[in-house]
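Raw contents of start.cif, mmCIF, C-alpha atoms:
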```
data_coords
loop_
_atom_site.group_PDB
_atom_site.id
_atom_site.type_symbol
_atom_site.label_atom_id
_atom_site.label_comp_id
_atom_site.auth_asym_id
_atom_site.auth_seq_id
_atom_site.Cartn_x
_atom_site.Cartn_y
_atom_site.Cartn_z
ATOM 1 C CA MET A 1 18.795 -4.090 -11.860
ATOM 2 C CA GLU A 2 15.843 -3.698 -14.224
ATOM 3 C CA ALA A 3 15.103 -7.430 -14.124
ATOM 4 C CA ARG A 4 15.170 -7.428 -10.319
ATOM 5 C CA LEU A 5 12.827 -4.452 -10.128
ATOM 6 C CA PHE A 6 10.512 -6.118 -12.641
ATOM 7 C CA ALA A 7 10.446 -9.306 -10.548
ATOM 8 C CA LEU A 8 9.996 -7.376 -7.287
ATOM 9 C CA GLN A 9 7.068 -5.432 -8.702
ATOM 10 C CA ARG A 10 5.400 -8.639 -9.890
ATOM 11 C CA LEU A 11 6.002 -10.285 -6.516
ATOM 12 C CA THR A 12 4.503 -7.362 -4.616
ATOM 13 C CA ALA A 13 1.521 -7.399 -6.993
ATOM 14 C CA MET A 14 0.872 -11.013 -6.021
ATOM 15 C CA VAL A 15 1.178 -10.109 -2.342
ATOM 16 C CA MET A 16 -1.130 -7.100 -2.734
ATOM 17 C CA ALA A 17 -3.913 -8.926 -4.614
ATOM 18 C CA PRO A 18 -5.465 -10.628 -1.561
ATOM 19 C CA PHE A 19 -5.079 -7.437 0.484
ATOM 20 C CA VAL A 20 -6.957 -5.445 -2.161
ATOM 21 C CA LEU A 21 -9.727 -8.040 -2.419
ATOM 22 C CA VAL A 22 -10.243 -8.178 1.353
ATOM 23 C CA HIS A 23 -10.083 -4.388 1.689
ATOM 24 C CA VAL A 24 -12.616 -3.768 -1.103
ATOM 25 C CA GLY A 25 -14.865 -6.492 0.286
ATOM 26 C CA LEU A 26 -14.768 -4.876 3.721
ATOM 27 C CA VAL A 27 -15.543 -1.452 2.282
ATOM 28 C CA ILE A 28 -18.562 -2.862 0.433
ATOM 29 C CA TYR A 29 -19.682 -4.702 3.581
ATOM 30 C CA ALA A 30 -19.330 -1.554 5.715
ATOM 31 C CA VAL A 31 -21.155 0.694 3.238
ATOM 32 C CA ARG A 32 -24.000 -1.742 2.675
ATOM 33 C CA GLY A 33 -24.249 -2.363 6.401
ATOM 34 C CA GLY A 34 -24.546 1.360 7.074
ATOM 35 C CA LEU A 35 -21.568 1.415 9.423
ATOM 36 C CA THR A 36 -20.313 4.814 10.488
ATOM 37 C CA ALA A 37 -16.646 5.742 10.658
ATOM 38 C CA GLY A 38 -16.857 5.546 14.444
ATOM 39 C CA GLU A 39 -18.278 2.027 14.324
ATOM 40 C CA ILE A 40 -15.548 0.912 11.927
ATOM 41 C CA LEU A 41 -12.835 2.439 14.117
ATOM 42 C CA SER A 42 -14.281 0.784 17.221
ATOM 43 C CA ARG A 43 -13.809 -2.564 15.472
ATOM 44 C CA THR A 44 -10.257 -1.895 14.278
ATOM 45 C CA GLN A 45 -8.683 -0.097 17.232
ATOM 46 C CA GLY A 46 -6.501 -2.425 19.240
ATOM 47 C CA ASN A 47 -7.173 -5.341 16.893
ATOM 48 C CA TRP A 48 -3.722 -6.725 16.065
ATOM 49 C CA PHE A 49 -5.000 -8.773 13.137
ATOM 50 C CA TRP A 50 -6.078 -5.626 11.278
ATOM 51 C CA ILE A 51 -2.985 -3.694 12.326
ATOM 52 C CA VAL A 52 -0.733 -6.419 10.885
ATOM 53 C CA PHE A 53 -2.986 -6.904 7.837
ATOM 54 C CA TYR A 54 -2.936 -3.224 6.883
ATOM 55 C CA GLY A 55 0.718 -2.859 7.901
ATOM 56 C CA LEU A 56 1.712 -5.555 5.395
ATOM 57 C CA PHE A 57 -0.604 -3.974 2.828
ATOM 58 C CA VAL A 58 1.129 -0.600 3.286
ATOM 59 C CA LEU A 59 4.565 -2.211 3.081
ATOM 60 C CA SER A 60 3.762 -3.999 -0.179
ATOM 61 C CA VAL A 61 2.235 -0.844 -1.702
ATOM 62 C CA SER A 62 5.244 1.248 -0.682
ATOM 63 C CA VAL A 63 7.504 -1.154 -2.605
ATOM 64 C CA HIS A 64 5.223 -1.794 -5.601
ATOM 65 C CA VAL A 65 4.104 1.736 -6.484
ATOM 66 C CA PRO A 66 7.514 3.495 -6.551
ATOM 67 C CA ILE A 67 8.805 0.964 -9.074
ATOM 68 C CA GLY A 68 5.882 1.827 -11.347
ATOM 69 C CA VAL A 69 6.413 5.562 -10.795
ATOM 70 C CA ARG A 70 10.093 5.119 -11.667
ATOM 71 C CA ASN A 71 9.198 3.318 -14.886
ATOM 72 C CA ILE A 72 6.697 6.008 -15.868
ATOM 73 C CA LEU A 73 9.288 8.723 -15.262
ATOM 74 C CA ILE A 74 11.828 6.880 -17.412
ATOM 75 C CA GLU A 75 9.513 5.833 -20.249
ATOM 76 C CA TRP A 76 7.099 8.753 -20.503
ATOM 77 C CA LEU A 77 9.073 11.736 -19.238
ATOM 78 C CA ARG A 78 12.485 10.481 -20.431
ATOM 79 C CA LEU A 79 13.984 11.170 -17.015
ATOM 80 C CA GLY A 80 17.361 9.538 -16.388
ATOM 81 C CA ARG A 81 17.411 6.306 -14.415
ATOM 82 C CA GLY A 82 19.253 7.860 -11.462
ATOM 83 C CA ALA A 83 16.865 10.784 -11.120
ATOM 84 C CA ALA A 84 13.825 8.543 -11.647
ATOM 85 C CA SER A 85 15.117 6.138 -8.993
ATOM 86 C CA THR A 86 15.585 9.002 -6.535
ATOM 87 C CA VAL A 87 12.064 10.316 -7.150
ATOM 88 C CA GLY A 88 10.616 6.803 -6.898
ATOM 89 C CA LEU A 89 12.475 6.141 -3.662
ATOM 90 C CA ALA A 90 11.273 9.434 -2.160
ATOM 91 C CA PHE A 91 7.717 8.672 -3.276
ATOM 92 C CA GLY A 92 7.889 5.203 -1.733
ATOM 93 C CA LEU A 93 9.259 6.578 1.514
ATOM 94 C CA GLY A 94 6.417 9.102 1.612
ATOM 95 C CA LEU A 95 3.859 6.344 1.046
ATOM 96 C CA LEU A 96 5.439 4.246 3.774
ATOM 97 C CA ILE A 97 5.422 7.081 6.315
ATOM 98 C CA LEU A 98 1.836 8.116 5.549
ATOM 99 C CA GLY A 99 0.664 4.507 5.462
ATOM 100 C CA VAL A 100 2.279 3.555 8.774
ATOM 101 C CA ARG A 101 0.757 6.648 10.391
ATOM 102 C CA ALA A 102 -2.683 5.715 9.015
ATOM 103 C CA VAL A 103 -2.370 2.130 10.239
ATOM 104 C CA ALA A 104 -1.281 3.337 13.672
ATOM 105 C CA ALA A 105 -4.195 5.786 13.847
ATOM 106 C CA VAL A 106 -6.815 3.315 12.630
ATOM 107 C CA GLY A 107 -5.360 0.596 14.853
ATOM 108 C CA GLY A 108 -5.567 2.862 17.878
ATOM 109 C CA LEU A 109 -1.811 3.009 18.401
ATOM 110 C CA MET A 110 -1.737 6.833 18.156
ATOM 111 C CA GLN A 111 -3.758 9.017 20.470
#
```
Could I get this structure in the form of structure tokens?
Amino acid sequence: MEARLFALQRLTAMVMAPFVLVHVGLVIYAVRGGLTAGEILSRTQGNWFWIVFYGLFVLSVSVHVPIGVRNILIEWLRLGRGAASTVGLAFGLGLLILGVRAVAAVGGLMQ
């Protein structure tokens, strides 16, 4: 199982890299352009490209991060693998729920 988690975390890191680069680039563009939050939201709401883009970003983060949290709990806090897996899974589920809600709100799917 450890080898599979290792491979899955590396795979999700490769998937996340372009998402991070585009996201940071957009943040820099928006800040330098003086865009307000309202102007940014007007560009993202109802735009399916950005909804899918950030949805996939959230999905990859919600898989990648809990594996790292699990490893930290095992290696640094000496938590058992079962308990660390449970905490990591709960953390990942929390990230997924919060992330999907954020994507839906920013995409204009929630009113």
*Non-local contacts of A:Asn47 (12 Å; only C-alpha atoms; under 5 positions in same chain excluded) as a ChimeraX atom specification*: /A:40-42,52-54,103-109
*What is the distance between atom CA of A:Thr44 and atom CA of A:Val65, in Å to one decimal?*
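Going from atom CA of A:Thr44 over to atom CA of A:Val65, I get 25.5 Å.
If you look at atom CA of A:Gly80 and atom CA of A:Leu93, they are 19.9 Å away from each other.
Selection result for the displayed file, with the PyMOL selection byres ((chain A and resi 88) around 10) as criterion, is Ser62, Val63, Val65, Pro66, Ile67, Gly68, Val69, Arg70, Asn71, Ile72, Leu73, Gly82, Ala83, Ala84, Ser85, Thr86, Val87, Leu89, Ala90, Phe91, Gly92, Leu93 and Gly94 of chain A.
Between atom CA of A:Met1 and atom CA of A:Val15 the interatomic distance comes to 20.9 Å.
Every protein, DNA or RNA residue with an atom at most 12 Å from A:Leu56, where only C-alpha atoms count and chain neighbours fewer than 6 positions away do not, is listed here: Thr12, Val15, Met16, Ala17, Pro18, Phe19, Val20, Phe49, Trp50, Ser62, Val63, Leu96, Gly99, Val100 and Val103 of chain A.
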For stretch 92-105 of chain A, I'd like the enclosing box, axis-aligned and padded by 5 Å on every side, reported as JSON with centre and edge lengths in Å to one decimal.
```
{"center_x": 2.5, "center_y": 5.6, "center_z": 6.1, "size_x": 23.5, "size_y": 17.0, "size_z": 25.6}
```
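Across A:Glu2, A:Arg10, A:Gly33, A:Val24, the tightest approach to A:Ser60 is made by A:Arg10 when counting only C-alpha atoms.
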All heavy atoms for stretch 91-102 of chain A, written as a CSV table (one decimal), in the frame of the given file, could you do that?
```csv
chain,number,residue,atom,x,y,z
A,91,PHE,N,9.2,8.9,-3.2
A,91,PHE,CA,7.7,8.7,-3.3
A,91,PHE,C,7.4,7.5,-2.4
A,91,PHE,O,6.4,7.5,-1.6
A,91,PHE,CB,7.3,8.5,-4.7
A,91,PHE,CG,5.8,8.5,-4.9
A,91,PHE,CD1,5.1,9.7,-4.9
A,91,PHE,CD2,5.1,7.3,-5.1
A,91,PHE,CE1,3.7,9.7,-5.1
A,91,PHE,CE2,3.7,7.3,-5.3
A,91,PHE,CZ,3.1,8.5,-5.3
A,92,GLY,N,8.1,6.4,-2.5
A,92,GLY,CA,7.9,5.2,-1.7
A,92,GLY,C,8.0,5.5,-0.2
A,92,GLY,O,7.3,5.0,0.6
A,93,LEU,N,9.0,6.2,0.1
A,93,LEU,CA,9.3,6.6,1.5
A,93,LEU,C,8.1,7.4,2.0
A,93,LEU,O,7.6,7.2,3.2
A,93,LEU,CB,10.6,7.4,1.7
A,93,LEU,CG,11.1,7.5,3.1
A,93,LEU,CD1,11.3,6.1,3.7
A,93,LEU,CD2,12.5,8.2,3.0
A,94,GLY,N,7.6,8.3,1.2
A,94,GLY,CA,6.4,9.1,1.6
A,94,GLY,C,5.2,8.2,1.8
A,94,GLY,O,4.5,8.4,2.8
A,95,LEU,N,5.0,7.3,0.9
A,95,LEU,CA,3.9,6.3,1.0
A,95,LEU,C,4.0,5.5,2.3
A,95,LEU,O,3.0,5.3,3.0
A,95,LEU,CB,3.8,5.4,-0.2
A,95,LEU,CG,3.2,5.9,-1.5
A,95,LEU,CD1,3.4,4.9,-2.6
A,95,LEU,CD2,1.8,6.3,-1.3
A,96,LEU,N,5.2,5.1,2.6
A,96,LEU,CA,5.4,4.2,3.8
A,96,LEU,C,5.1,5.0,5.1
A,96,LEU,O,4.5,4.6,6.0
A,96,LEU,CB,6.9,3.7,3.8
A,96,LEU,CG,7.3,2.8,5.0
A,96,LEU,CD1,6.4,1.5,4.9
A,96,LEU,CD2,8.7,2.5,4.9
A,97,ILE,N,5.6,6.3,5.1
A,97,ILE,CA,5.4,7.1,6.3
A,97,ILE,C,3.9,7.4,6.5
A,97,ILE,O,3.4,7.2,7.6
A,97,ILE,CB,6.2,8.4,6.2
A,97,ILE,CG1,7.7,8.1,6.4
A,97,ILE,CG2,5.8,9.4,7.3
A,97,ILE,CD1,8.6,9.2,6.0
A,98,LEU,N,3.3,7.8,5.4
A,98,LEU,CA,1.8,8.1,5.5
A,98,LEU,C,1.0,6.9,5.9
A,98,LEU,O,0.1,6.9,6.7
A,98,LEU,CB,1.3,8.8,4.3
A,98,LEU,CG,1.8,10.2,4.0
A,98,LEU,CD1,1.4,10.6,2.6
A,98,LEU,CD2,1.4,11.1,5.0
A,99,GLY,N,1.4,5.8,5.2
A,99,GLY,CA,0.7,4.5,5.5
A,99,GLY,C,0.8,4.0,6.9
A,99,GLY,O,-0.2,3.6,7.5
A,100,VAL,N,2.0,4.0,7.4
A,100,VAL,CA,2.3,3.6,8.8
A,100,VAL,C,1.5,4.4,9.8
A,100,VAL,O,0.9,3.9,10.7
A,100,VAL,CB,3.8,3.5,9.1
A,100,VAL,CG1,4.0,3.3,10.6
A,100,VAL,CG2,4.4,2.4,8.3
A,101,ARG,N,1.5,5.7,9.5
A,101,ARG,CA,0.8,6.6,10.4
A,101,ARG,C,-0.7,6.3,10.3
A,101,ARG,O,-1.4,6.3,11.4
A,101,ARG,CB,1.0,8.1,10.0
A,101,ARG,CG,2.4,8.6,10.4
A,101,ARG,CD,2.7,10.0,10.0
A,101,ARG,NE,1.6,10.9,10.3
A,101,ARG,CZ,1.5,11.6,11.5
A,101,ARG,NH1,2.5,11.5,12.3
A,101,ARG,NH2,0.5,12.5,11.7
A,102,ALA,N,-1.2,6.0,9.1
A,102,ALA,CA,-2.7,5.7,9.0
A,102,ALA,C,-3.0,4.4,9.7
A,102,ALA,O,-4.0,4.3,10.4
A,102,ALA,CB,-3.1,5.6,7.5
```
